[in-house]
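File shown: model.tsv (TSV, C-alpha atoms and all ligand atoms).
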chain	number	residue	atom	x	y	z
H	1	MET	CA	0.00	0.00	0.00
H	2	ILE	CA	2.02	2.92	-1.30
H	3	SER	CA	-0.42	5.49	0.06
H	4	ALA	CA	0.01	4.15	3.60
H	5	HIS	CA	3.81	4.35	3.29
H	6	ILE	CA	3.60	7.93	2.07
H	7	ALA	CA	1.14	8.88	4.80
H	8	THR	CA	3.40	7.56	7.55
H	9	ALA	CA	6.49	9.15	5.97
H	10	LEU	CA	4.71	12.50	5.87
H	11	ALA	CA	3.53	12.12	9.47
H	12	ASP	CA	7.07	11.25	10.58
H	13	ALA	CA	8.46	14.25	8.70
H	14	TRP	CA	5.82	16.51	10.24
H	15	ALA	CA	6.73	15.26	13.71
H	16	LEU	CA	10.31	16.45	13.13
H	17	VAL	CA	9.26	20.05	12.62
H	18	ALA	CA	6.04	20.29	14.64
H	19	PRO	CA	6.15	21.02	18.37
H	20	VAL	CA	5.68	17.69	20.12
H	21	ASP	CA	5.14	16.67	23.72
H	22	CYS	CA	5.98	13.38	25.42
H	23	ALA	CA	3.07	10.99	24.81
H	24	GLY	CA	3.51	9.58	28.32
H	25	CYS	CA	3.76	12.65	30.56
H	26	GLY	CA	3.41	15.73	28.35
H	27	ALA	CA	6.98	16.97	28.84
H	28	PRO	CA	7.87	19.26	25.92
H	29	ASP	CA	10.02	18.66	22.86
H	30	ARG	CA	10.27	14.90	22.91
H	31	ALA	CA	7.90	12.33	21.39
H	32	LEU	CA	8.74	10.18	24.40
H	33	CYS	CA	10.94	11.42	27.26
H	34	ALA	CA	13.71	9.22	28.67
H	35	LEU	CA	11.74	8.33	31.78
H	36	CYS	CA	8.61	7.32	29.85
H	37	ALA	CA	10.76	5.36	27.38
H	38	THR	CA	11.85	3.10	30.25
H	39	ALA	CA	8.17	2.25	30.84
H	40	LEU	CA	8.12	0.63	27.39
H	41	ARG	CA	10.79	-1.93	28.29
H	42	PRO	CA	9.32	-5.31	27.42
H	43	SER	CA	7.55	-7.10	30.23
H	44	LEU	CA	6.55	-10.28	28.45
H	45	ARG	CA	3.44	-12.22	29.31
H	46	ARG	CA	1.57	-15.05	27.67
H	47	ALA	CA	-1.85	-16.57	27.69
H	48	LEU	CA	-3.72	-19.33	25.95
H	49	LEU	CA	-6.68	-18.20	23.88
H	50	ASP	CA	-9.40	-20.74	23.22
H	51	VAL	CA	-10.32	-20.76	19.53
H	52	ASP	CA	-13.09	-23.27	19.01
H	53	GLY	CA	-11.46	-25.79	21.33
H	54	HIS	CA	-7.86	-25.19	20.21
H	55	ALA	CA	-5.49	-23.33	22.54
H	56	LEU	CA	-3.72	-20.52	20.68
H	57	PRO	CA	-0.58	-19.24	22.47
H	58	VAL	CA	-0.60	-15.43	22.68
H	59	VAL	CA	2.39	-13.35	23.80
H	60	ALA	CA	2.22	-9.63	24.68
H	61	GLY	CA	5.16	-7.31	25.28
H	62	LEU	CA	3.62	-4.92	27.81
H	63	ALA	CA	0.61	-4.23	30.01
H	64	TYR	CA	-1.85	-1.90	28.30
H	65	GLU	CA	-1.73	0.79	30.98
H	66	GLY	CA	0.19	3.94	31.87
H	67	VAL	CA	2.75	5.06	29.30
H	68	ALA	CA	2.14	2.08	27.01
H	69	ARG	CA	-1.55	2.88	26.84
H	70	ALA	CA	-0.95	6.61	26.32
H	71	ALA	CA	1.59	5.97	23.57
H	72	LEU	CA	-0.63	3.47	21.74
H	73	LEU	CA	-3.60	5.84	21.95
H	74	ALA	CA	-1.46	8.74	20.66
H	75	LEU	CA	-0.29	6.57	17.77
H	76	LYS	CA	-3.76	5.34	16.84
H	77	ALA	CA	-5.99	8.31	17.66
H	78	GLU	CA	-3.63	11.22	16.96
H	79	GLY	CA	-1.57	9.64	14.21
H	80	ARG	CA	1.69	10.07	16.13
H	81	THR	CA	3.53	7.52	14.03
H	82	GLU	CA	6.91	8.52	15.49
H	83	LEU	CA	5.83	6.43	18.50
H	84	ALA	CA	5.70	3.26	16.40
H	85	ARG	CA	9.44	2.74	16.68
H	86	PRO	CA	9.68	2.53	20.51
H	87	LEU	CA	6.42	0.54	20.61
H	88	ALA	CA	7.83	-1.92	18.08
H	89	VAL	CA	10.51	-3.07	20.54
H	90	PRO	CA	8.12	-4.98	22.85
H	91	LEU	CA	6.31	-6.29	19.76
H	92	ARG	CA	9.55	-7.72	18.37
H	93	ARG	CA	10.25	-9.48	21.65
H	94	ALA	CA	6.71	-10.86	21.75
H	95	VAL	CA	7.05	-12.15	18.19
H	96	ALA	CA	10.38	-13.80	19.02
H	97	LEU	CA	8.65	-15.75	21.80
H	98	ALA	CA	5.46	-16.47	19.88
H	99	TRP	CA	7.37	-17.82	16.89
H	100	PRO	CA	7.71	-21.58	17.32
H	101	GLY	CA	11.09	-22.03	15.65
H	102	ALA	CA	10.80	-23.52	12.21
H	103	GLY	CA	7.15	-24.30	12.87
H	104	ALA	CA	5.78	-21.12	11.30
H	105	ASP	CA	6.41	-19.35	8.05
H	106	VAL	CA	4.42	-16.16	7.85
H	107	LEU	CA	3.52	-13.14	10.02
H	108	VAL	CA	0.04	-11.73	9.37
H	109	PRO	CA	-1.02	-8.41	10.93
H	110	VAL	CA	-4.61	-8.05	12.10
H	111	PRO	CA	-6.08	-5.16	10.09
H	112	GLY	CA	-7.97	-2.40	11.84
H	113	SER	CA	-11.46	-1.52	10.70
H	114	ARG	CA	-11.73	-0.12	7.19
H	115	ALA	CA	-13.12	3.13	8.61
H	116	GLY	CA	-10.15	3.41	10.96
H	117	ALA	CA	-7.66	2.72	8.17
H	118	ALA	CA	-9.29	5.34	5.93
H	119	GLN	CA	-9.20	7.90	8.74
H	120	ARG	CA	-5.60	7.25	9.81
H	121	GLY	CA	-4.02	6.40	6.51
H	122	PHE	CA	-2.15	3.51	8.14
H	123	ALA	CA	-2.85	0.16	9.76
H	124	PRO	CA	-1.41	0.18	13.31
H	125	ALA	CA	-0.38	-3.50	13.57
H	126	ALA	CA	1.31	-3.52	10.15
H	127	LEU	CA	3.08	-0.22	10.84
H	128	LEU	CA	4.36	-1.44	14.22
H	129	ALA	CA	5.65	-4.65	12.62
H	130	ARG	CA	7.47	-2.74	9.87
H	131	ARG	CA	9.03	-0.37	12.41
H	132	GLY	CA	10.23	-3.45	14.25
H	133	GLY	CA	11.94	-4.70	11.09
H	134	LEU	CA	9.50	-7.58	10.67
H	135	VAL	CA	8.38	-8.77	7.27
H	136	VAL	CA	4.62	-9.24	7.17
H	137	THR	CA	2.09	-10.62	4.73
H	138	ARG	CA	-1.23	-8.86	4.38
H	139	GLY	CA	-3.35	-11.94	4.67
H	140	LEU	CA	-6.52	-10.54	6.22
H	141	ARG	CA	-9.07	-7.99	5.15
H	142	ALA	CA	-11.56	-6.41	7.55
H	143	LEU	CA	-15.18	-6.84	6.56
H	144	ASP	CA	-17.15	-3.66	6.81
H	145	GLY	CA	-18.66	-4.14	10.24
H	146	GLY	CA	-17.45	-0.74	11.40
H	147	PRO	CA	-19.56	0.89	14.07
H	148	GLN	CA	-22.11	-1.92	13.86
H	149	GLN	CA	-19.41	-4.38	14.94
H	150	LYS	CA	-18.59	-2.25	17.97
H	151	ARG	CA	-22.19	-2.43	19.14
H	152	LEU	CA	-22.15	-6.22	19.23
H	153	ARG	CA	-22.31	-7.65	22.67
H	154	LEU	CA	-19.13	-9.30	23.90
H	155	ASP	CA	-20.85	-12.69	24.09
H	156	GLU	CA	-21.87	-12.38	20.44
H	157	ARG	CA	-18.30	-11.52	19.48
H	158	LEU	CA	-16.90	-14.37	21.55
H	159	ALA	CA	-19.30	-16.75	19.85
H	160	GLY	CA	-18.05	-15.57	16.45
H	161	GLN	CA	-21.54	-15.04	15.11
H	162	HIS	CA	-20.45	-12.22	12.84
H	163	PRO	CA	-17.28	-12.78	10.77
H	164	ARG	CA	-15.07	-9.70	10.94
H	165	PHE	CA	-12.29	-10.75	8.59
H	166	ILE	CA	-11.74	-12.54	5.33
H	167	ALA	CA	-8.43	-14.32	4.67
H	168	ARG	CA	-6.46	-14.71	1.46
H	169	PRO	CA	-6.95	-18.19	0.02
H	170	ALA	CA	-3.22	-18.19	-0.89
H	171	LEU	CA	-2.48	-18.77	2.80
H	172	ALA	CA	-3.90	-22.30	2.65
H	173	GLY	CA	-1.43	-24.66	4.32
H	174	ARG	CA	0.77	-21.83	5.63
H	175	ARG	CA	1.68	-21.68	9.31
H	176	VAL	CA	0.75	-18.24	10.59
H	177	VAL	CA	1.67	-16.10	13.58
H	178	LEU	CA	-0.81	-13.24	14.01
H	179	ILE	CA	0.32	-9.74	15.02
H	180	ASP	CA	-1.85	-7.12	16.70
H	181	ASP	CA	-1.35	-3.91	18.63
H	182	ILE	CA	-3.52	-4.52	21.72
H	183	VAL	CA	-5.16	-7.66	23.10
H	184	THR	CA	-8.18	-7.10	25.30
H	185	SER	CA	-10.67	-9.97	25.46
H	186	GLY	CA	-8.93	-11.86	22.64
H	187	ALA	CA	-12.11	-11.68	20.53
H	188	THR	CA	-10.35	-9.93	17.63
H	189	LEU	CA	-7.51	-12.48	17.51
H	190	ARG	CA	-10.08	-15.26	17.69
H	191	ASP	CA	-12.00	-13.80	14.74
H	192	ALA	CA	-8.76	-13.41	12.77
H	193	ALA	CA	-7.70	-16.99	13.54
H	194	ARG	CA	-11.11	-18.29	12.45
H	195	ALA	CA	-10.91	-16.44	9.13
H	196	LEU	CA	-7.45	-17.91	8.46
H	197	ARG	CA	-8.57	-21.41	9.35
H	198	THR	CA	-11.50	-21.04	6.98
H	199	VAL	CA	-9.06	-20.84	4.07
H	200	GLY	CA	-6.93	-23.70	5.39
H	201	ALA	CA	-4.14	-21.75	7.10
H	202	ILE	CA	-2.69	-23.09	10.36
H	203	VAL	CA	-2.57	-20.42	13.07
H	204	VAL	CA	0.24	-21.36	15.47
H	205	GLY	CA	0.53	-18.26	17.65
H	206	ALA	CA	-0.14	-14.56	18.14
H	207	ALA	CA	1.92	-11.61	19.34
H	208	ALA	CA	0.88	-8.13	20.45
H	209	VAL	CA	2.51	-4.96	21.72
H	210	ALA	CA	0.34	-4.85	24.83
H	211	ALA	CA	-2.41	-6.69	26.66
H	212	THR	CA	-5.11	-5.35	28.94
H	213	PRO	CA	-4.41	-6.60	32.45
H	214	ARG	CA	-7.08	-9.01	33.63
H	215	ARG	CA	-8.24	-6.65	36.37
H	216	GLN	CA	-9.30	-4.05	33.82
H	217	GLY	CA	-12.55	-4.62	31.99
H	218	VAL	CA	-13.81	-7.89	30.61
H	219	SER	CA	-11.12	-10.38	29.76
H	220	SER	CA	-11.26	-14.13	29.50
H	221	LEU	CA	-7.47	-14.34	29.28
H	222	LEU	CA	-5.29	-15.33	32.19
H	223	TRP	CA	-1.86	-13.77	31.58
H	224	ARG	CA	1.26	-15.30	33.05
H	225	PHE	CA	4.54	-13.45	33.08
H	226	TRP	CA	7.25	-15.15	31.12
H	227	ALA	CA	9.55	-15.24	34.16
H	228	ASP	CA	6.86	-17.11	36.12
H	229	ASP	CA	7.75	-20.38	34.47
H	230	ASP	CA	10.47	-21.18	31.98
H	231	GLU	CA	12.75	-19.07	29.88
H	232	GLY	CA	11.11	-19.86	26.58
H	233	PRO	CA	13.09	-19.63	23.36
H	234	GLY	CA	14.15	-16.03	24.15
H	235	ASP	CA	16.07	-14.30	21.40
H	236	LYS	CA	17.54	-17.53	20.09
H	237	VAL	CA	15.20	-17.23	17.12
H	238	GLY	CA	15.63	-13.80	15.57
H	239	PRO	CA	12.59	-12.32	13.90
H	240	GLU	CA	14.41	-10.67	10.98
H	241	GLY	CA	14.20	-13.64	8.69
H	242	TYR	CA	10.51	-14.27	9.22
H	243	GLY	CA	8.49	-14.72	6.09
H	244	GLN	CA	11.37	-13.82	3.79
H	245	GLY	CA	10.28	-12.32	0.52
H	246	LYS	CA	6.65	-12.64	1.42
H	247	GLU	CA	5.77	-8.95	1.61
H	248	ALA	CA	2.45	-8.61	-0.14
H	301	ZN	ZN	7.44	11.48	29.48
Rewritten as structure tokens:
Amino acid sequence: MISAHIATALADAWALVAPVDCAGCGAPDRALCALCATALRPSLRRALLDVDGHALPVVAGLAYEGVARAALLALKAEGRTELARPLAVPLRRAVALAWPGAGADVLVPVPGSRAGAAQRGFAPAALLARRGGLVVTRGLRALDGGPQQKRLRLDERLAGQHPRFIARPALAGRRVVLIDDIVTSGATLRDAARALRTVGAIVVGAAAVAATPRRQGVSSLLWRFWADDDEGPGDKVGPEGYGQGKEA
């Protein structure tokens, strides 16, 4: 999407000349001050998301609160794309842990709503992945649920009664790790996984920048910090080579 690339390049260029305040605390002249930047250090957590009886491992890089929440909101609602680079660091770490070695071959970002994309000129998950140096394949398209979708009750969304995405048939047989910006109830990831399975793709994991802590709002996900159990694969598997040559 050339237009999206140009839009983010223009926004980045504008941020260089426009007065900017720290997205975390409002301190002047920096997109993110040094103190707030430390709040974006990865604090990895994982959960298992039930998708029609299959447990999908989900890894998130941060808690969606405080500076992380403010920075993600500024990126998405105010178009402050200069924040994508620091936010991409926890995403990269989450992807490295969600990626099951040689058992996956493509990273697919979850698209935002079509209305949101038209308004912003960029798709947050895809932008964050690119800023993190990850190669992604655009394998999902949002169906035009828009505001209607938002009015659905959570139980309707959890039950998957209204498909939100359509997947590219070319992904049949591919092993996919999903990427998203924020995980709340997991309903969006579940809908994305269902769409991919419909075309015969195998969804093996999901990674996100941040996850809503269980105590906030409705969440069926029980997050465990990575340090609570084992070390996991860590950085042994670097994300740079993921999905080589599969940009689409
Ligand atoms: Zn700050």
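Atom to atom, atom CA of Ala98 of chain H and atom CA of Leu73 of chain H stand 24.2 Å apart.
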Per-residue nearest contacts of chain H to ligand ZN 301 (chain H) (6 Å; all atoms listed in the file) as CSV:
residue,atom,partner,partner_atom,distance
H:Cys22,CA,H:ZN301,ZN,4.7
H:Gly24,CA,H:ZN301,ZN,4.5
H:Cys25,CA,H:ZN301,ZN,4.0
H:Gly26,CA,H:ZN301,ZN,6.0
H:Ala27,CA,H:ZN301,ZN,5.5
H:Leu32,CA,H:ZN301,ZN,5.4
H:Cys33,CA,H:ZN301,ZN,4.1
H:Leu35,CA,H:ZN301,ZN,5.8
H:Cys36,CA,H:ZN301,ZN,4.3
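Take atom CA of Leu189 of chain H and atom CA of Phe122 of chain H: the distance between them is 19.3 Å.
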Please indicate the distance in Å from atom CA of Arg80 of chain H to atom CA of Ala31 of chain H, rounded to one decimal place.
8.4 Å
Proximity check segment 29-124 of chain H to segment 195-209 of chain H, 10 Å, nearest pairs one decimal Å, all atoms listed in the file, as a Markdown table:
| residue | atom | partner | partner_atom | distance |
| --- | --- | --- | --- | --- |
| H:Leu40 | CA | H:Val209 | CA | 9.7 |
| H:Pro42 | CA | H:Val209 | CA | 8.9 |
| H:Leu44 | CA | H:Val209 | CA | 9.5 |
| H:Arg46 | CA | H:Ala207 | CA | 9.0 |
| H:Ala47 | CA | H:Ala206 | CA | 9.9 |
| H:Leu48 | CA | H:Gly205 | CA | 9.4 |
| H:Leu49 | CA | H:Ala206 | CA | 9.4 |
| H:Ala55 | CA | H:Gly205 | CA | 9.3 |
| H:Leu56 | CA | H:Gly205 | CA | 5.7 |
| H:Pro57 | CA | H:Gly205 | CA | 5.0 |
| H:Val58 | CA | H:Ala206 | CA | 4.6 |
| H:Val59 | CA | H:Ala207 | CA | 4.8 |
| H:Ala60 | CA | H:Ala208 | CA | 4.7 |
| H:Gly61 | CA | H:Val209 | CA | 5.0 |
| H:Leu62 | CA | H:Val209 | CA | 6.2 |
| H:Ala63 | CA | H:Val209 | CA | 8.5 |
| H:Tyr64 | CA | H:Val209 | CA | 8.5 |
| H:Ala68 | CA | H:Val209 | CA | 8.8 |
| H:Leu72 | CA | H:Val209 | CA | 9.0 |
| H:Leu87 | CA | H:Val209 | CA | 6.8 |
| H:Ala88 | CA | H:Val209 | CA | 7.1 |
| H:Val89 | CA | H:Val209 | CA | 8.3 |
| H:Pro90 | CA | H:Val209 | CA | 5.7 |
| H:Leu91 | CA | H:Val209 | CA | 4.5 |
| H:Arg92 | CA | H:Val209 | CA | 8.3 |
| H:Arg93 | CA | H:Ala207 | CA | 8.9 |
| H:Ala94 | CA | H:Ala207 | CA | 5.4 |
| H:Val95 | CA | H:Ala207 | CA | 5.3 |
| H:Ala96 | CA | H:Ala207 | CA | 8.7 |
| H:Leu97 | CA | H:Ala207 | CA | 8.3 |
| H:Ala98 | CA | H:Gly205 | CA | 5.7 |
| H:Trp99 | CA | H:Gly205 | CA | 6.9 |
| H:Pro100 | CA | H:Val204 | CA | 7.7 |
| H:Gly103 | CA | H:Val204 | CA | 7.9 |
| H:Ala104 | CA | H:Val204 | CA | 6.9 |
| H:Asp105 | CA | H:Val204 | CA | 9.9 |
| H:Val106 | CA | H:Val203 | CA | 9.7 |
| H:Leu107 | CA | H:Ala206 | CA | 9.0 |
| H:Val108 | CA | H:Ala206 | CA | 9.2 |
| H:Pro109 | CA | H:Ala207 | CA | 9.5 |
| H:Val110 | CA | H:Ala206 | CA | 9.9 |
I'd like a table as CSV: residues in segment 118-137 of chain H with an atom no more than 8 Å from segment 171-181 of chain H, each row giving the shortest atom pair and its distance in Å to one decimal, all atoms listed in the file counted, sorted by chain and rising residue number.
residue,atom,partner,partner_atom,distance
H:Pro124,CA,H:Asp181,CA,6.7
H:Ala125,CA,H:Asp180,CA,5.0
H:Ala126,CA,H:Ile179,CA,8.0
H:Leu128,CA,H:Asp181,CA,7.6
H:Ala129,CA,H:Ile179,CA,7.8
For Leu127 of chain H, please output as a ChimeraX atom specification all residues within 10 Å (counting all atoms listed in the file; exclusion window: fewer than 4 positions along the same chain).
/H:4-5,8,81,84-85,88,109,122-123,131-134,136,181
Of the candidates H:Ala142, H:Leu83, H:Val183, H:Ala77, which one gets nearest to Ala210 of chain H if we count all atoms listed in the file?
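Of H:Ala142, H:Leu83, H:Val183, H:Ala77, the one nearest Ala210 of chain H, counting all atoms listed in the file, is H:Val183.
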